[in-house]
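> Please see the structure below; I have some questions.
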Amino acid sequence: MADSKPVPSLNEDPMAAEALLRDVFGMIVDEAIRKGTDASEKVCVWKEPEELKQLLDLELKSQGESQEQILERCRAVIHYSVKTCHPRFFNQLFSGLDPHSLAGRIITESLNTSQYTYEIAPVFVLMDEEVLRKLRTLVGWSSGDGVFCPGGSMSNIYAMNLARYQRYPECKQRGLRALPPLALFTSEESHYSFSKGAAFLGLGTDSVRVVKADARGKMIPEDLERQISLAEAEGAVPFLVCATSGTTVLGAFDPLDAIANVCQRHGLWLHVDNLLKRCHGSQASYLFQQDKFYDVSLDTGDKVVQCGRHVDCLKLWLMWKAQGGQGLERRVDRAFALAQYLVEEIRKREGFELVVEVAPVLKERMVKEGSMMIGYQPHGPRVNFFRVIVANPNLTHADIDFLLAELERLGQDL
């Protein structure tokens with residue numbers, strides 16, 4: 001529209017810019033949070049891709065749009081997005097909404113800093129250290145190091161790179177030519193990021209040795225021992241075992257004590273303090289000057305492969321402050337209790353089996369109706385089955401009951 005008035009910047013019209021933000025924040029509360037967590041509302045408003053493109057008017061044009069148009073854009077984005085905070089969203093692990101974490105995220109985005117030096121992010125550097133220290137104590141470590149990563153895949157790639165550096169530190173300078181053929185070991189139930197990480201780091205996917213898991217999805221230590229011996233016999237050098245606490249599909253916990261014993265017998269890497277900075281540090285002179293007026297050990301950005309790094313600690317810190325350790329423990333206990341309730345209710349209902357090959361049809365029906373969302377996948381010889389995530393802290397027995405009743409309703413003609 002030629003006569004549209006572009007949204008003003010803060011410098012041009014701070015009052016108008018502030019009014020826009022207040023309108024957007026109000027819309028978020030009403031449309032994304034209040035409606036998004038209301039069980040009577042839809043989880044999603046399904047549209048086919050071409051129709052959705054037209055509804056959103058995604059084309060970026062040379063002329064700016066008015067504040068009213070921008071507000072409508074925001075409203076459309078919320079309306080057509082999946083409401084992962086909805087009590088009937090069982091599709092992924094990030095379901096649910098915590099108001100304290102959301103408040104932390106809003107503050108983080110508003111401050112728009114990068115967490116690589118103390119001078120640019122003093123609050124978050126100190127907060128990061130405290131949150132990581134507390135997380136280490138939960139697993140029984142009195143010392144150590146760590147960083148927040150963008151996700152589990154990057155965390156696993158960090159682990160692989162650190163283990164390789166610990167075994168062959170010269171590879172940081174000389175690269176792959178400094179290395180013999182390497183072998184890492186992980187369960188057949190582990191995350192696919194280990195294979196991706198092996199390709200990304202130049203190790204090759206053949207370096208990933210898959211260890212058998214038992215019927216519950218746990219790594220079998222005896223097969224780990226066998227795979228290590230086999231790799232050595234083939235001329236490869238074992239350097240890392242990747243265990244899993246909570247596998248992607250079955251939620252299995254590998255027997256860490258038994259695996260640690262195998263690692264110890266074969267001299268495989270478990271944990272080394274201060275390795276992050278030695279492995280990844282480049283000592284960029286424009287950021288990590290050693291003659292600063294404060295403790296330069298607080299310039300933690302040299303520990304990571306990124307330069308600019310998003311602040312991730314505030315949302316967890318604020319939620320932990322509000323809930324306390326006991327409150328978080330109750331959340332975990334409640335999630336386990338709801339999972340057990342789901343199992344018990346499935347066993348009571350006729351027509352339900354642990355595995356039924358109707359998952360793709362039911363998934364399509366529930367998504368297009370917007371009534372709920374559950375992920376599915378095959379597993380070994382088993383056909384597609386639903387993987388129900390009960391991580392949302394606001395779930396109730398009524399939501400679980402609805403899930404089962406809705407599956408019955410959607411599949412009554414199958």
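For the structure tokens, the naming scheme is as follows: chains receive sequential letters (A, B, ...) according to their order of presentation, residues are indexed from 1 within each chain, and ligands are indexed from 1 in presentation order.
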Could you pull out all residues of region 192-268 of chain A with a DSSP call of helix (DSSP H, G or I) and give them as JSON, numbers by chain?
{"A": [193, 194, 195, 196, 197, 198, 199, 200, 205, 206, 207, 221, 222, 223, 224, 225, 226, 227, 228, 229, 230, 231, 232, 233, 256, 257, 258, 259, 260, 261, 262, 263, 264, 265, 266]}
> Those residues with N, CA and C atoms, as a JSON list (two decimals), in the first residue's frame please?

[["chain", "number", "residue", "atom", "x", "y", "z"],
["A", 193, "SER", "N", 22.19, -37.55, 16.40],
["A", 193, "SER", "CA", 23.20, -36.49, 16.31],
["A", 193, "SER", "C", 24.63, -37.03, 16.43],
["A", 194, "PHE", "N", 24.81, -38.22, 16.96],
["A", 194, "PHE", "CA", 26.17, -38.78, 17.02],
["A", 194, "PHE", "C", 26.68, -39.09, 15.62],
["A", 195, "SER", "N", 25.83, -39.65, 14.77],
["A", 195, "SER", "CA", 26.23, -39.90, 13.39],
["A", 195, "SER", "C", 26.45, -38.59, 12.64],
["A", 196, "LYS", "N", 25.54, -37.63, 12.85],
["A", 196, "LYS", "CA", 25.70, -36.32, 12.22],
["A", 196, "LYS", "C", 26.98, -35.64, 12.70],
["A", 197, "GLY", "N", 27.22, -35.74, 14.00],
["A", 197, "GLY", "CA", 28.41, -35.12, 14.56],
["A", 197, "GLY", "C", 29.69, -35.74, 14.03],
["A", 198, "ALA", "N", 29.69, -37.06, 13.85],
["A", 198, "ALA", "CA", 30.86, -37.73, 13.30],
["A", 198, "ALA", "C", 31.15, -37.24, 11.89],
["A", 199, "ALA", "N", 30.10, -37.05, 11.10],
["A", 199, "ALA", "CA", 30.28, -36.51, 9.75],
["A", 199, "ALA", "C", 30.76, -35.06, 9.80],
["A", 200, "PHE", "N", 30.16, -34.27, 10.69],
["A", 200, "PHE", "CA", 30.48, -32.85, 10.82],
["A", 200, "PHE", "C", 31.93, -32.64, 11.25],
["A", 205, "THR", "N", 30.91, -41.31, 9.43],
["A", 205, "THR", "CA", 29.87, -42.07, 10.15],
["A", 205, "THR", "C", 30.31, -43.51, 10.44],
["A", 206, "ASP", "N", 31.29, -44.03, 9.68],
["A", 206, "ASP", "CA", 31.78, -45.38, 9.96],
["A", 206, "ASP", "C", 32.49, -45.47, 11.30],
["A", 207, "SER", "N", 32.89, -44.32, 11.85],
["A", 207, "SER", "CA", 33.58, -44.34, 13.15],
["A", 207, "SER", "C", 32.62, -44.58, 14.31],
["A", 221, "PRO", "N", 26.24, -53.44, 28.50],
["A", 221, "PRO", "CA", 27.68, -53.24, 28.73],
["A", 221, "PRO", "C", 28.55, -54.35, 28.13],
["A", 222, "GLU", "N", 28.04, -55.57, 28.15],
["A", 222, "GLU", "CA", 28.83, -56.69, 27.61],
["A", 222, "GLU", "C", 29.05, -56.51, 26.10],
["A", 223, "ASP", "N", 28.03, -55.99, 25.41],
["A", 223, "ASP", "CA", 28.21, -55.76, 23.97],
["A", 223, "ASP", "C", 29.11, -54.56, 23.73],
["A", 224, "LEU", "N", 29.09, -53.58, 24.63],
["A", 224, "LEU", "CA", 30.04, -52.47, 24.53],
["A", 224, "LEU", "C", 31.46, -53.00, 24.60],
["A", 225, "GLU", "N", 31.71, -53.87, 25.56],
["A", 225, "GLU", "CA", 33.04, -54.48, 25.70],
["A", 225, "GLU", "C", 33.42, -55.21, 24.41],
["A", 226, "ARG", "N", 32.48, -55.93, 23.83],
["A", 226, "ARG", "CA", 32.75, -56.68, 22.61],
["A", 226, "ARG", "C", 33.04, -55.74, 21.45],
["A", 227, "GLN", "N", 32.28, -54.65, 21.33],
["A", 227, "GLN", "CA", 32.48, -53.71, 20.24],
["A", 227, "GLN", "C", 33.83, -52.99, 20.35],
["A", 228, "ILE", "N", 34.26, -52.70, 21.56],
["A", 228, "ILE", "CA", 35.58, -52.06, 21.76],
["A", 228, "ILE", "C", 36.69, -53.00, 21.30],
["A", 229, "SER", "N", 36.60, -54.26, 21.68],
["A", 229, "SER", "CA", 37.62, -55.24, 21.28],
["A", 229, "SER", "C", 37.62, -55.43, 19.77],
["A", 230, "LEU", "N", 36.45, -55.43, 19.17],
["A", 230, "LEU", "CA", 36.35, -55.59, 17.73],
["A", 230, "LEU", "C", 36.97, -54.40, 17.00],
["A", 231, "ALA", "N", 36.71, -53.19, 17.49],
["A", 231, "ALA", "CA", 37.29, -52.00, 16.87],
["A", 231, "ALA", "C", 38.81, -52.01, 16.95],
["A", 232, "GLU", "N", 39.32, -52.40, 18.11],
["A", 232, "GLU", "CA", 40.78, -52.47, 18.28],
["A", 232, "GLU", "C", 41.39, -53.50, 17.35],
["A", 233, "ALA", "N", 40.70, -54.64, 17.18],
["A", 233, "ALA", "CA", 41.20, -55.68, 16.29],
["A", 233, "ALA", "C", 41.23, -55.22, 14.84],
["A", 256, "LEU", "N", 24.90, -46.44, 33.76],
["A", 256, "LEU", "CA", 26.10, -45.61, 33.73],
["A", 256, "LEU", "C", 27.25, -46.20, 34.54],
["A", 257, "ASP", "N", 26.96, -46.79, 35.69],
["A", 257, "ASP", "CA", 28.04, -47.35, 36.52],
["A", 257, "ASP", "C", 28.76, -48.46, 35.78],
["A", 258, "ALA", "N", 28.02, -49.37, 35.19],
["A", 258, "ALA", "CA", 28.64, -50.49, 34.45],
["A", 258, "ALA", "C", 29.40, -49.98, 33.23],
["A", 259, "ILE", "N", 28.85, -48.98, 32.55],
["A", 259, "ILE", "CA", 29.52, -48.40, 31.38],
["A", 259, "ILE", "C", 30.80, -47.69, 31.81],
["A", 260, "ALA", "N", 30.75, -46.98, 32.94],
["A", 260, "ALA", "CA", 31.94, -46.29, 33.45],
["A", 260, "ALA", "C", 33.05, -47.27, 33.77],
["A", 261, "ASN", "N", 32.69, -48.43, 34.28],
["A", 261, "ASN", "CA", 33.70, -49.46, 34.56],
["A", 261, "ASN", "C", 34.38, -49.93, 33.28],
["A", 262, "VAL", "N", 33.60, -50.11, 32.22],
["A", 262, "VAL", "CA", 34.17, -50.49, 30.93],
["A", 262, "VAL", "C", 35.11, -49.40, 30.42],
["A", 263, "CYS", "N", 34.68, -48.15, 30.53],
["A", 263, "CYS", "CA", 35.51, -47.02, 30.10],
["A", 263, "CYS", "C", 36.83, -46.99, 30.87],
["A", 264, "GLN", "N", 36.75, -47.22, 32.15],
["A", 264, "GLN", "CA", 37.95, -47.18, 32.98],
["A", 264, "GLN", "C", 38.92, -48.29, 32.58],
["A", 265, "ARG", "N", 38.41, -49.47, 32.30],
["A", 265, "ARG", "CA", 39.28, -50.58, 31.91],
["A", 265, "ARG", "C", 40.00, -50.30, 30.59],
["A", 266, "HIS", "N", 39.33, -49.56, 29.70],
["A", 266, "HIS", "CA", 39.91, -49.31, 28.38],
["A", 266, "HIS", "C", 40.49, -47.91, 28.23]]
> Please identify the strand (DSSP E or B) residues within region 180-367 of chain A (assignment by DSSP from backbone atoms) and present them as a VMD selection string.
chain A and resid 182 to 187 208 to 211 213 219 237 to 242 245 253 269
> Could you give me, as JSON lines, every region 320-390 of chain A residue with an atom at most 12 Å from region 214-218 of chain A, plus its closest atom pair and distance in Å to one decimal, counting only C-alpha atoms, rows ordered by chain then number?

{"residue": "A:His379", "atom": "CA", "partner": "A:Gly217", "partner_atom": "CA", "distance": 10.4}
{"residue": "A:Gly380", "atom": "CA", "partner": "A:Ala215", "partner_atom": "CA", "distance": 10.7}
{"residue": "A:Pro381", "atom": "CA", "partner": "A:Ala215", "partner_atom": "CA", "distance": 11.9}
> Excluding region 88-97 of chain A and any residue of its chain fewer than 3 positions from it, enumerate the residues within 9 Å of it, using only C-alpha atoms, and give them as a VMD selection string.
chain A and resid 33 37 39 42 to 43 82 to 85 100 to 102 371 to 376 387 to 395 399 to 400 402 to 403
> Emit the selected residues as a compact mmCIF listing (two decimals), in the first residue's frame, including N, CA, C and O atoms.

# COMPACT_ATOMS: atom_id res chain seq x y z
N ILE A 33 -0.77 -17.07 25.17
CA ILE A 33 -0.71 -17.69 26.50
C ILE A 33 -2.10 -18.11 26.99
O ILE A 33 -2.34 -19.30 27.26
N THR A 37 -3.11 -21.99 26.26
CA THR A 37 -3.14 -22.97 27.35
C THR A 37 -4.57 -23.39 27.71
O THR A 37 -4.76 -24.12 28.69
N ALA A 39 -7.70 -25.59 27.21
CA ALA A 39 -8.01 -26.89 26.63
C ALA A 39 -9.18 -26.83 25.66
O ALA A 39 -9.33 -27.71 24.80
N LYS A 42 -8.12 -24.86 20.07
CA LYS A 42 -7.41 -25.82 19.25
C LYS A 42 -5.90 -25.78 19.52
O LYS A 42 -5.34 -24.73 19.82
N VAL A 43 -5.26 -26.94 19.38
CA VAL A 43 -3.80 -27.00 19.46
C VAL A 43 -3.18 -26.31 18.25
O VAL A 43 -2.15 -25.65 18.35
N VAL A 82 1.54 -23.66 15.94
CA VAL A 82 1.17 -24.73 16.88
C VAL A 82 1.34 -24.22 18.30
O VAL A 82 2.37 -23.62 18.64
N LYS A 83 0.34 -24.45 19.14
CA LYS A 83 0.39 -24.00 20.53
C LYS A 83 1.05 -25.10 21.38
O LYS A 83 0.38 -25.97 21.93
N THR A 84 2.36 -25.03 21.49
CA THR A 84 3.09 -26.08 22.22
C THR A 84 2.83 -26.02 23.73
O THR A 84 3.15 -26.97 24.45
N CYS A 85 2.25 -24.92 24.21
CA CYS A 85 1.92 -24.80 25.63
C CYS A 85 0.54 -25.39 25.94
O CYS A 85 0.13 -25.43 27.10
N HIS A 100 7.73 -17.93 34.57
CA HIS A 100 9.00 -17.36 35.00
C HIS A 100 10.06 -17.51 33.91
O HIS A 100 10.85 -16.59 33.65
N SER A 101 10.08 -18.66 33.24
CA SER A 101 11.01 -18.85 32.13
C SER A 101 10.69 -17.91 30.99
O SER A 101 11.60 -17.34 30.36
N LEU A 102 9.42 -17.73 30.71
CA LEU A 102 9.03 -16.81 29.64
C LEU A 102 9.45 -15.38 29.99
O LEU A 102 9.94 -14.65 29.13
N SER A 371 -7.37 -30.92 17.60
CA SER A 371 -7.79 -31.35 18.94
C SER A 371 -6.61 -31.69 19.85
O SER A 371 -6.68 -31.48 21.06
N MET A 372 -5.53 -32.23 19.28
CA MET A 372 -4.33 -32.52 20.07
C MET A 372 -3.21 -32.85 19.10
O MET A 372 -3.39 -32.86 17.88
N MET A 373 -2.02 -33.12 19.63
CA MET A 373 -0.88 -33.46 18.77
C MET A 373 0.03 -34.42 19.52
O MET A 373 0.46 -34.15 20.64
N ILE A 374 0.30 -35.58 18.89
CA ILE A 374 1.18 -36.60 19.46
C ILE A 374 2.11 -37.07 18.35
O ILE A 374 1.70 -37.25 17.21
N GLY A 375 3.38 -37.30 18.69
CA GLY A 375 4.33 -37.81 17.72
C GLY A 375 4.25 -39.32 17.62
O GLY A 375 3.81 -40.01 18.54
N TYR A 376 4.71 -39.86 16.48
CA TYR A 376 4.76 -41.31 16.32
C TYR A 376 6.02 -41.70 15.56
O TYR A 376 6.64 -40.88 14.89
N ARG A 387 4.28 -41.86 20.61
CA ARG A 387 5.21 -41.54 21.71
C ARG A 387 4.63 -40.35 22.45
O ARG A 387 4.74 -39.20 22.03
N VAL A 388 3.99 -40.61 23.56
CA VAL A 388 3.27 -39.56 24.30
C VAL A 388 4.22 -38.88 25.28
O VAL A 388 4.79 -39.53 26.16
N ILE A 389 4.39 -37.57 25.15
CA ILE A 389 5.25 -36.79 26.04
C ILE A 389 4.40 -36.16 27.13
O ILE A 389 3.44 -35.44 26.84
N VAL A 390 4.73 -36.42 28.37
CA VAL A 390 3.95 -35.87 29.49
C VAL A 390 4.80 -34.90 30.31
O VAL A 390 4.79 -34.92 31.54
N ALA A 391 5.57 -34.06 29.62
CA ALA A 391 6.47 -33.13 30.30
C ALA A 391 5.80 -31.83 30.73
O ALA A 391 6.33 -31.10 31.57
N ASN A 392 4.66 -31.50 30.15
CA ASN A 392 3.97 -30.25 30.48
C ASN A 392 3.61 -30.23 31.96
O ASN A 392 2.85 -31.08 32.43
N PRO A 393 4.12 -29.26 32.73
CA PRO A 393 3.85 -29.25 34.18
C PRO A 393 2.39 -28.97 34.53
O PRO A 393 1.99 -29.16 35.67
N ASN A 394 1.60 -28.52 33.55
CA ASN A 394 0.20 -28.19 33.82
C ASN A 394 -0.77 -29.30 33.43
O ASN A 394 -1.98 -29.12 33.51
N LEU A 395 -0.25 -30.46 33.03
CA LEU A 395 -1.12 -31.58 32.67
C LEU A 395 -1.88 -32.11 33.88
O LEU A 395 -1.38 -32.07 35.01
N ASP A 399 -6.57 -34.39 31.18
CA ASP A 399 -5.91 -34.29 29.87
C ASP A 399 -5.51 -35.67 29.35
O ASP A 399 -5.63 -35.97 28.16
N ILE A 400 -5.04 -36.52 30.25
CA ILE A 400 -4.69 -37.89 29.86
C ILE A 400 -5.94 -38.65 29.43
O ILE A 400 -5.94 -39.37 28.43
N PHE A 402 -8.64 -37.37 28.21
CA PHE A 402 -9.05 -36.83 26.92
C PHE A 402 -8.22 -37.45 25.79
O PHE A 402 -8.76 -37.81 24.74
N LEU A 403 -6.92 -37.57 26.01
CA LEU A 403 -6.03 -38.14 25.00
C LEU A 403 -6.52 -39.52 24.57
O LEU A 403 -6.65 -39.81 23.37
> Using only C-alpha atoms, which residues of region 226-342 of chain A come within 8 Å of region 146-163 of chain A, and what is the closest atom pair for each, with the distance in Å to one decimal? Give it as JSON lines, sorted by chain and residue number.

{"residue": "A:Phe239", "atom": "CA", "partner": "A:Ala163", "partner_atom": "CA", "distance": 6.7}
{"residue": "A:Leu240", "atom": "CA", "partner": "A:Ala163", "partner_atom": "CA", "distance": 6.2}
{"residue": "A:Trp269", "atom": "CA", "partner": "A:Ala163", "partner_atom": "CA", "distance": 6.1}
{"residue": "A:Leu275", "atom": "CA", "partner": "A:Leu162", "partner_atom": "CA", "distance": 7.0}
{"residue": "A:Leu276", "atom": "CA", "partner": "A:Leu162", "partner_atom": "CA", "distance": 7.0}
{"residue": "A:Cys279", "atom": "CA", "partner": "A:Leu162", "partner_atom": "CA", "distance": 6.5}
{"residue": "A:Lys303", "atom": "CA", "partner": "A:Val147", "partner_atom": "CA", "distance": 7.9}
{"residue": "A:Val304", "atom": "CA", "partner": "A:Val147", "partner_atom": "CA", "distance": 7.6}
{"residue": "A:Asp312", "atom": "CA", "partner": "A:Phe148", "partner_atom": "CA", "distance": 6.6}
{"residue": "A:Cys313", "atom": "CA", "partner": "A:Phe148", "partner_atom": "CA", "distance": 7.5}
> Take the residues just selected and output them with C-alpha atoms as a CSV table (one decimal), in the first residue's frame.

chain,number,residue,atom,x,y,z
A,239,PHE,CA,38.2,-42.7,22.2
A,240,LEU,CA,34.7,-42.1,23.5
A,269,TRP,CA,37.4,-40.5,28.2
A,275,LEU,CA,39.2,-28.8,28.6
A,276,LEU,CA,36.6,-26.5,26.9
A,279,CYS,CA,40.0,-27.3,22.9
A,303,LYS,CA,35.3,-21.9,25.6
A,304,VAL,CA,32.7,-22.3,22.8
A,312,ASP,CA,20.2,-19.2,27.9
A,313,CYS,CA,20.7,-19.2,31.7
> So what do you get for CA of Glu350 (chain A) versus CA of Glu369 (chain A), distance-wise?
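Spanning CA of Glu350 (chain A) to CA of Glu369 (chain A) is a straight-line distance of 24.5 Å.
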> How many Å lie between CA of Gly327 (chain A) and CA of Ala121 (chain A), rounded to one decimal?
28.7 Å
> Please determine, counting only C-alpha atoms, which residue among A:Pro180, A:Gly301, A:Gly204, A:Pro99 has the shortest atom-to-atom distance to Lys277 (chain A).
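Of A:Pro180, A:Gly301, A:Gly204, A:Pro99, the one nearest Lys277 (chain A), counting only C-alpha atoms, is A:Gly301.
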> Would you compute the distance between CA of Ala359 (chain A) and CA of Gly251 (chain A)? Give it in Å to one decimal.
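Going from CA of Ala359 (chain A) over to CA of Gly251 (chain A) covers 19.4 Å.
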> When you look at region 74-76 of chain A with a cut-off of 12 Å (counting only C-alpha atoms), what residues show up, excluding the ones that are within fewer than 2 positions of it in the same chain? I need them as a PyMOL selection string.
chain A and resi 20-21+23-32+45+52-58+67-72+78-82
